[in-house]
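Peer 1: Okay, here's the structure, questions in a sec.
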Amino acid sequence: MDVDDDSGRMGWLETMYSGLKRQPREYVDRVSLTPRIAVLRNIPFVVPFNDRVRLFHALINRDRIRLNLGLLGNAVSSSSLGIGVRPVGAVIRRGSVFNDGYEQLYPVLSGKPVARSSEDDGDNIVGSTAGQNQALPRQIVNTIAPLGMPMLPEFDEEFLDSWQMAQPSQPTTQVQRNDVFKRRMQIQFMDQYGMQEAGVDGGGVFKEFLTSLIKEAFNPSQGMFSSTKNNQVYPSPTQGYAQLDLDKYRFLGAVIGKALYDGILVDVPFAPFFLGRCMGTMPTFNDLPALDEELYRGLVALKNYPVASKDKATGDDAATDEIYRVFGMDFTVTVDAKDGQGGTRTVPLVPNGEAIKVTSQNRMLYVDLIAHFKLTRQNDKVVQAFLSGLHTMIPETWLRLLFATPTEFSRLLCGDSGRINIDDWRRNTEYEGAYKAKREEHPTIVAFWDVVRNELTEKQRRELCKFATSCERPPLLGFGELNPSFCITSSSSDENGNHDNRLPSASTCVNLLKLPVFSSREILHKKLLKAIESGAGFDLS
């Protein structure tokens with residue numbers, strides 16, 4: 001059976017949890033929970049991936065309701081529960097997205113007080129711990145499930161309460177700081193001329209800000225991250241730097257966590273050994289090919305080099321050992337000196353490593369130490385800073401228990417990289433304005449889907465998806481997961497009543513494409529391409 005098939009969704013956790021649900025509420029404790037959580041902890045791959053994504057979303061939605069932030073994917077309004085929550089604001093210059101974002105938003109993460117809204121009261125302001133342990137009303141719990149579906153039996157309040165009991169708690173002051181960074185953020189862009197761009201941030205401008213910041217900061221040319229030969233990024237090696245700006249890495253970790261918390265896909269091809277660390281798994285020698293294939297082959301050759309018994313060193317006489325005579329290495333590694341002159345420096349793998357020769361007796365230890373240095377030790381400080389930011393938003397236990405491999409975590413972060421399913425997109429589209437009555441039978445809509453299917457390249461389809469929703473990849477579980485649903489509406493004509501002089505526009509905060517009623521398929525094709533390839537931000541009309 002396909003592990004992503006929804007037909008078996010009802011069974012796996014219901015069977016595991018049925019015994020617990022029959023017990024009195026006070027019986028739900030760590031002892032009774034352990035066997036059930038153990039399945040996710042030890043063999044998560046036996047649970048369909050889409051089910052684990054739904055549980056992940058349910059856990060996030062429960063936290064969002066606690067903070068009056070609205071449900072995942074529906075944070076356009078300040079709160080679905082009726083109590084306003086003051087957003088965190090920032091003014092961002094085009095071309096300086098990362099620096100402006102860091103300078104204005106990192107103080108929020110690091111604990112600088114944020115002004116309270118006059119609409120907030122003491123029990124509902126973000127950061128307050130009041131009511132955190134209270135049971136949620138049943139009518140609220142039944143809205144936690146993503147996609148607007150009724151709550152699955154296995155994701156009811158009792159299960160989520162039990163899951164929460166298994167997670168380590170954080171200090172109250174740290175929880176308060178994390179909660180502030182979880183607030184809705186209101187962004188105002190400034191163009192290259194210092195003018196405010198048109199558009200009120202109902203969520204879409206923030207998504208554009210987040211994706212632009214990530215694209216800028218994770219670009220290897222900026223120096224904070226490096227790339228492998230397969231263009232997968234990881235934190236740059238830091239051995240040799242005199243000073244480290246760890247706060248920036250912590251901020252970027254929190255930004256990635258914010259994307260997960262708000263259900264925003266990111267377009268960053270992270271290296272699998274780095275994603276593994278985000279999930280609490282330390283890389284091993286087998287992860288080295290993803291970083292340096294040539295070094296990996298050399299170490300494999302060292303491991304497998306045949307040595308006769310008579311050529312092995314005896315006692316402290318390493319010079320007589322065949323491995324040392326052939327390879328001539330000691331327990332050190334050469335790294336870039338980071339001096340701007342292209343120089344190098346030697347780093348011992350163990351204390352006094354320059355005096356310890358690599359022999360047939362210790363070569364396996366040398367191989368493991370080299371792999372550990374390359375994959376962990378040389379950038380450990382910045383990785384730890386990044387992870388501290390990520391885990392302020394998303395607990396490490398959620399990632400470790402719900403996702404089995406770095407590939408699964410990559411899918412959660414970046415979505416599916418396959419071709420866009422046009423049938424799924426079309427099936428989950430709503431229509432308003434001039435298109436509401438005839439829907440898919442309206443001539444302009446017929447022409448639109450024909451152009452999307454037969455005229456646009458896959459790259460252009462992704463640009464269209466980004467133009468209308470702010471992300472070039474569809475949601476992980478399909479377009480039906482978009483909230484609000486993707487919608488096409490008609491737009492106004494010019495002063496002469498002509499639609500053909502207008503361009504398509506979009507409100508990404510509500511996943512709305514504004515499509516003029518063009519007079520022909522050819523004009524629609526031309527205008528659509530001009531709109532999606534313009535990169536004009538929110539000033540396009």
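Here, A, B, ... name the chains of the structure tokens in the order displayed, residue numbers run from 1 inside each chain, and ligands are numbered from 1 in the same displayed order.
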Fewer than 5 positions away in the same chain doesn't count, so skip those; otherwise give me all residues within 9 Å of Ile370 in chain A, counting only C-alpha atoms, as an MDAnalysis selection string.

Peer 2: chainID A and resid 285 299 331:333 349 365 375

Peer 1: Mind the document's chain letters and residue numbers, and return as a ChimeraX atom specification the residues of range 310-407 of chain A that DSSP labels helix (DSSP H, G or I).

Peer 2: /A:310-311,318-320,322-327,353-355,363-375,377-393,396-402,406-407

Peer 1: Return the single residue from A:Lys526, A:Lys436, A:Arg502, A:Arg400 that is closest to Val451 in chain A, with distances computed using only C-alpha atoms.

Peer 2: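 Distance minimum relative to Val451 in chain A lands on A:Lys526.
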
Peer 1: Would you pick out the contacts of Phe225 in chain A at 9 Å or less, using only C-alpha atoms, so that residues sharing its chain but fewer than 5 positions from it are not included, and give the list as a list in words?

Peer 2: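 Listed by chain and then number, they are Ala217, Phe218, Asn219, Pro220, Val233, Tyr234, Pro235, Ser236 and Pro237 of chain A.
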
Peer 1: Give me a file of those residues, with N, CA and C atoms, as a compact mmCIF listing (two decimals), in the first residue's frame.

Peer 2:
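Ended up saving to out.txt:
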```txt
# COMPACT_ATOMS: atom_id res chain seq x y z
N ALA A 217 20.23 35.56 2.33
CA ALA A 217 21.13 35.15 3.40
C ALA A 217 21.80 33.82 3.14
N PHE A 218 21.10 32.90 2.49
CA PHE A 218 21.65 31.57 2.27
C PHE A 218 22.42 31.46 0.95
N ASN A 219 22.57 32.55 0.25
CA ASN A 219 23.38 32.57 -0.96
C ASN A 219 24.85 32.43 -0.56
N PRO A 220 25.56 31.41 -1.07
CA PRO A 220 26.96 31.21 -0.67
C PRO A 220 27.85 32.43 -0.91
N VAL A 233 23.45 23.64 0.43
CA VAL A 233 24.08 24.61 1.32
C VAL A 233 24.18 24.09 2.74
N TYR A 234 25.18 24.59 3.45
CA TYR A 234 25.42 24.26 4.86
C TYR A 234 26.22 25.41 5.47
N PRO A 235 26.19 25.59 6.79
CA PRO A 235 26.94 26.68 7.41
C PRO A 235 28.42 26.61 7.08
N SER A 236 29.01 27.73 6.77
CA SER A 236 30.41 27.77 6.35
C SER A 236 31.34 27.35 7.48
N PRO A 237 32.42 26.67 7.14
CA PRO A 237 33.44 26.34 8.16
C PRO A 237 33.95 27.60 8.83
```

Peer 1: Residues at most 6 Å from Ile187 in chain A, counting only C-alpha atoms, excluding those fewer than 6 positions away in the same chain, as a ChimeraX atom specification?

Peer 2: /A:89-91,206

Peer 1: Can you write out the residues you just picked, keeping N, CA, C and O atoms, as an mmCIF file, in the first residue's frame?

Peer 2:
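selection_30.cif written:
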```
data_model
loop_
_atom_site.group_PDB
_atom_site.id
_atom_site.type_symbol
_atom_site.label_atom_id
_atom_site.label_comp_id
_atom_site.auth_asym_id
_atom_site.auth_seq_id
_atom_site.Cartn_x
_atom_site.Cartn_y
_atom_site.Cartn_z
ATOM 1 N N GLY A 89 6.308 44.943 13.583
ATOM 2 C CA GLY A 89 6.481 45.659 12.325
ATOM 3 C C GLY A 89 7.940 45.888 11.974
ATOM 4 O O GLY A 89 8.814 45.937 12.839
ATOM 5 N N ALA A 90 8.212 46.049 10.667
ATOM 6 C CA ALA A 90 9.559 46.353 10.187
ATOM 7 C C ALA A 90 9.455 47.038 8.827
ATOM 8 O O ALA A 90 8.575 46.723 8.029
ATOM 9 N N VAL A 91 10.354 47.982 8.579
ATOM 10 C CA VAL A 91 10.461 48.655 7.288
ATOM 11 C C VAL A 91 11.727 48.141 6.612
ATOM 12 O O VAL A 91 12.831 48.270 7.154
ATOM 13 N N PHE A 206 4.639 39.783 3.978
ATOM 14 C CA PHE A 206 5.560 39.109 4.893
ATOM 15 C C PHE A 206 6.123 37.848 4.253
ATOM 16 O O PHE A 206 7.316 37.554 4.401
#
```

Peer 1: Point out the residue among A:Val517, A:Gly418, A:Thr405, A:Ser470 with the least atom-to-atom distance to Phe448 in chain A, counting only C-alpha atoms.

Peer 2: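 Among A:Val517, A:Gly418, A:Thr405, A:Ser470, it is A:Val517 that comes nearest to Phe448 in chain A.
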
Peer 1: Would you pick out the contacts of Phe251 in chain A at 8 Å or less, using only C-alpha atoms, so that residues sharing its chain but fewer than 4 positions from it are not included, and give the list as JSON, numbers by chain?

Peer 2: {"A": [102, 106, 109, 247, 255, 386, 389]}

Peer 1: Keeping C-alpha atoms for every residue in the selection just given, could you write it to a file as a compact mmCIF listing (two decimals), in the first residue's frame?

Peer 2:
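Okay, this is what ended up in part.txt:
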```
# COMPACT_ATOMS: atom_id res chain seq x y z
CA TYR A 102 18.18 41.23 11.22
CA TYR A 106 16.53 40.07 16.03
CA LEU A 109 14.04 37.20 19.37
CA ASP A 247 23.53 36.11 16.54
CA VAL A 255 13.56 32.55 10.43
CA PHE A 386 21.43 28.19 14.08
CA GLY A 389 17.16 29.78 16.81
```

Peer 1: How many Å separate CA of His442 in chain A from CA of Leu515 in chain A?

Peer 2: 12.2 Å

Peer 1: Name all residues at most 12 Å from Leu288 in chain A (count only C-alpha atoms; drop same-chain ones fewer than 3 positions away) and give them as a list of chain:residue names.

Peer 2: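 Near Leu288 in chain A, the qualifying residues are A:Thr228, A:Ala271, A:Pro272, A:Phe273, A:Phe274, A:Met282, A:Pro283, A:Thr284, A:Phe285, A:Leu291, A:Asp292, A:Glu293, A:Glu294, A:Leu295, A:Tyr296, A:Arg297, A:Gly298, A:Leu299, A:Val300, A:Val367, A:Asp368, A:Leu369, A:Ile370, A:Ala371, A:His372, A:Phe373, A:Lys374, A:Leu375, A:Thr376.
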
Peer 1: Using only C-alpha atoms, can you tell me which of A:Val383, A:Ala290, A:Ala437, A:Cys471 comes closest to Ser212 in chain A?

Peer 2: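 Using only C-alpha atoms, Ser212 in chain A sits closest to A:Cys471.
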
Peer 1: To one decimal place, how far is CA of Ser226 in chain A from CA of Asp287 in chain A in Å?

Peer 2: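 That distance, rounded to one decimal, is 16.3 Å.
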
Peer 1: With distances taken over only C-alpha atoms, which of A:Ser491, A:Ile256, A:Tyr261, A:Asn230 is nearest to Arg62 in chain A?

Peer 2: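 The closest residue to Arg62 in chain A is A:Tyr261.
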
Peer 1: Interatomic distance between CA of Arg363 in chain A and CA of Arg377 in chain A?

Peer 2: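 Separation between CA of Arg363 in chain A and CA of Arg377 in chain A: 19.1 Å.
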
Peer 1: Return the single residue from A:Val108, A:Asn454, A:Tyr366, A:Arg93 that is closest to Asp191 in chain A, with distances computed using only C-alpha atoms.

Peer 2: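 Counting only C-alpha atoms, the residue closest to Asp191 in chain A is A:Arg93.
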
Peer 1: Quick one: of A:Leu246, A:Leu412, A:Leu512, A:Leu528, who's nearest to Asn379 in chain A, counting only C-alpha atoms?

Peer 2: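 Closest to Asn379 in chain A of all the choices is A:Leu246.
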
Peer 1: Can you build me a table of range 311-430 of chain A residues sitting at most 7 Å from range 473-486 of chain A, with the closest atom pair per residue and its distance in Å to one decimal, using only C-alpha atoms, sorted by chain and residue number, as a Markdown table?

Peer 2:
```
| residue | atom | partner | partner_atom | distance |
| --- | --- | --- | --- | --- |
| A:Leu412 | CA | A:Leu476 | CA | 7.0 |
| A:Gly415 | CA | A:Leu476 | CA | 4.9 |
| A:Asp416 | CA | A:Leu476 | CA | 6.2 |
| A:Asp424 | CA | A:Phe479 | CA | 6.4 |
| A:Trp425 | CA | A:Phe479 | CA | 5.6 |
| A:Asn428 | CA | A:Gly480 | CA | 5.5 |
| A:Thr429 | CA | A:Phe486 | CA | 5.1 |
| A:Glu430 | CA | A:Phe486 | CA | 6.3 |
```

Peer 1: Write out the residues from the selection above, keeping C-alpha atoms, as a PDB file, in the first residue's frame.

Peer 2:
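Below is the file again33.pdb, written as the result:
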```
ATOM      1  CA  LEU A 412       8.528  19.534   4.919  1.00  0.00           C
ATOM      2  CA  GLY A 415       7.701  21.064  -0.560  1.00  0.00           C
ATOM      3  CA  ASP A 416       7.767  18.573  -3.389  1.00  0.00           C
ATOM      4  CA  ASP A 424      -5.008  19.314  -8.683  1.00  0.00           C
ATOM      5  CA  TRP A 425      -4.492  23.084  -9.013  1.00  0.00           C
ATOM      6  CA  ASN A 428      -8.927  23.322  -5.975  1.00  0.00           C
ATOM      7  CA  THR A 429      -9.570  26.739  -7.550  1.00  0.00           C
ATOM      8  CA  GLU A 430     -12.487  29.036  -6.716  1.00  0.00           C
TER       9      GLU A 430
END
```

Peer 1: Write out as a list in words all residues of range 258-384 of chain A that DSSP puts in strand (DSSP E) for this structure's backbone.

Peer 2: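 Everything in range 258-384 of chain A that counts as strand (DSSP E) is Thr332, Val333, Thr334, Val335, Asp336, Thr344, Arg345, Thr346, Val347 and Pro348 of chain A.
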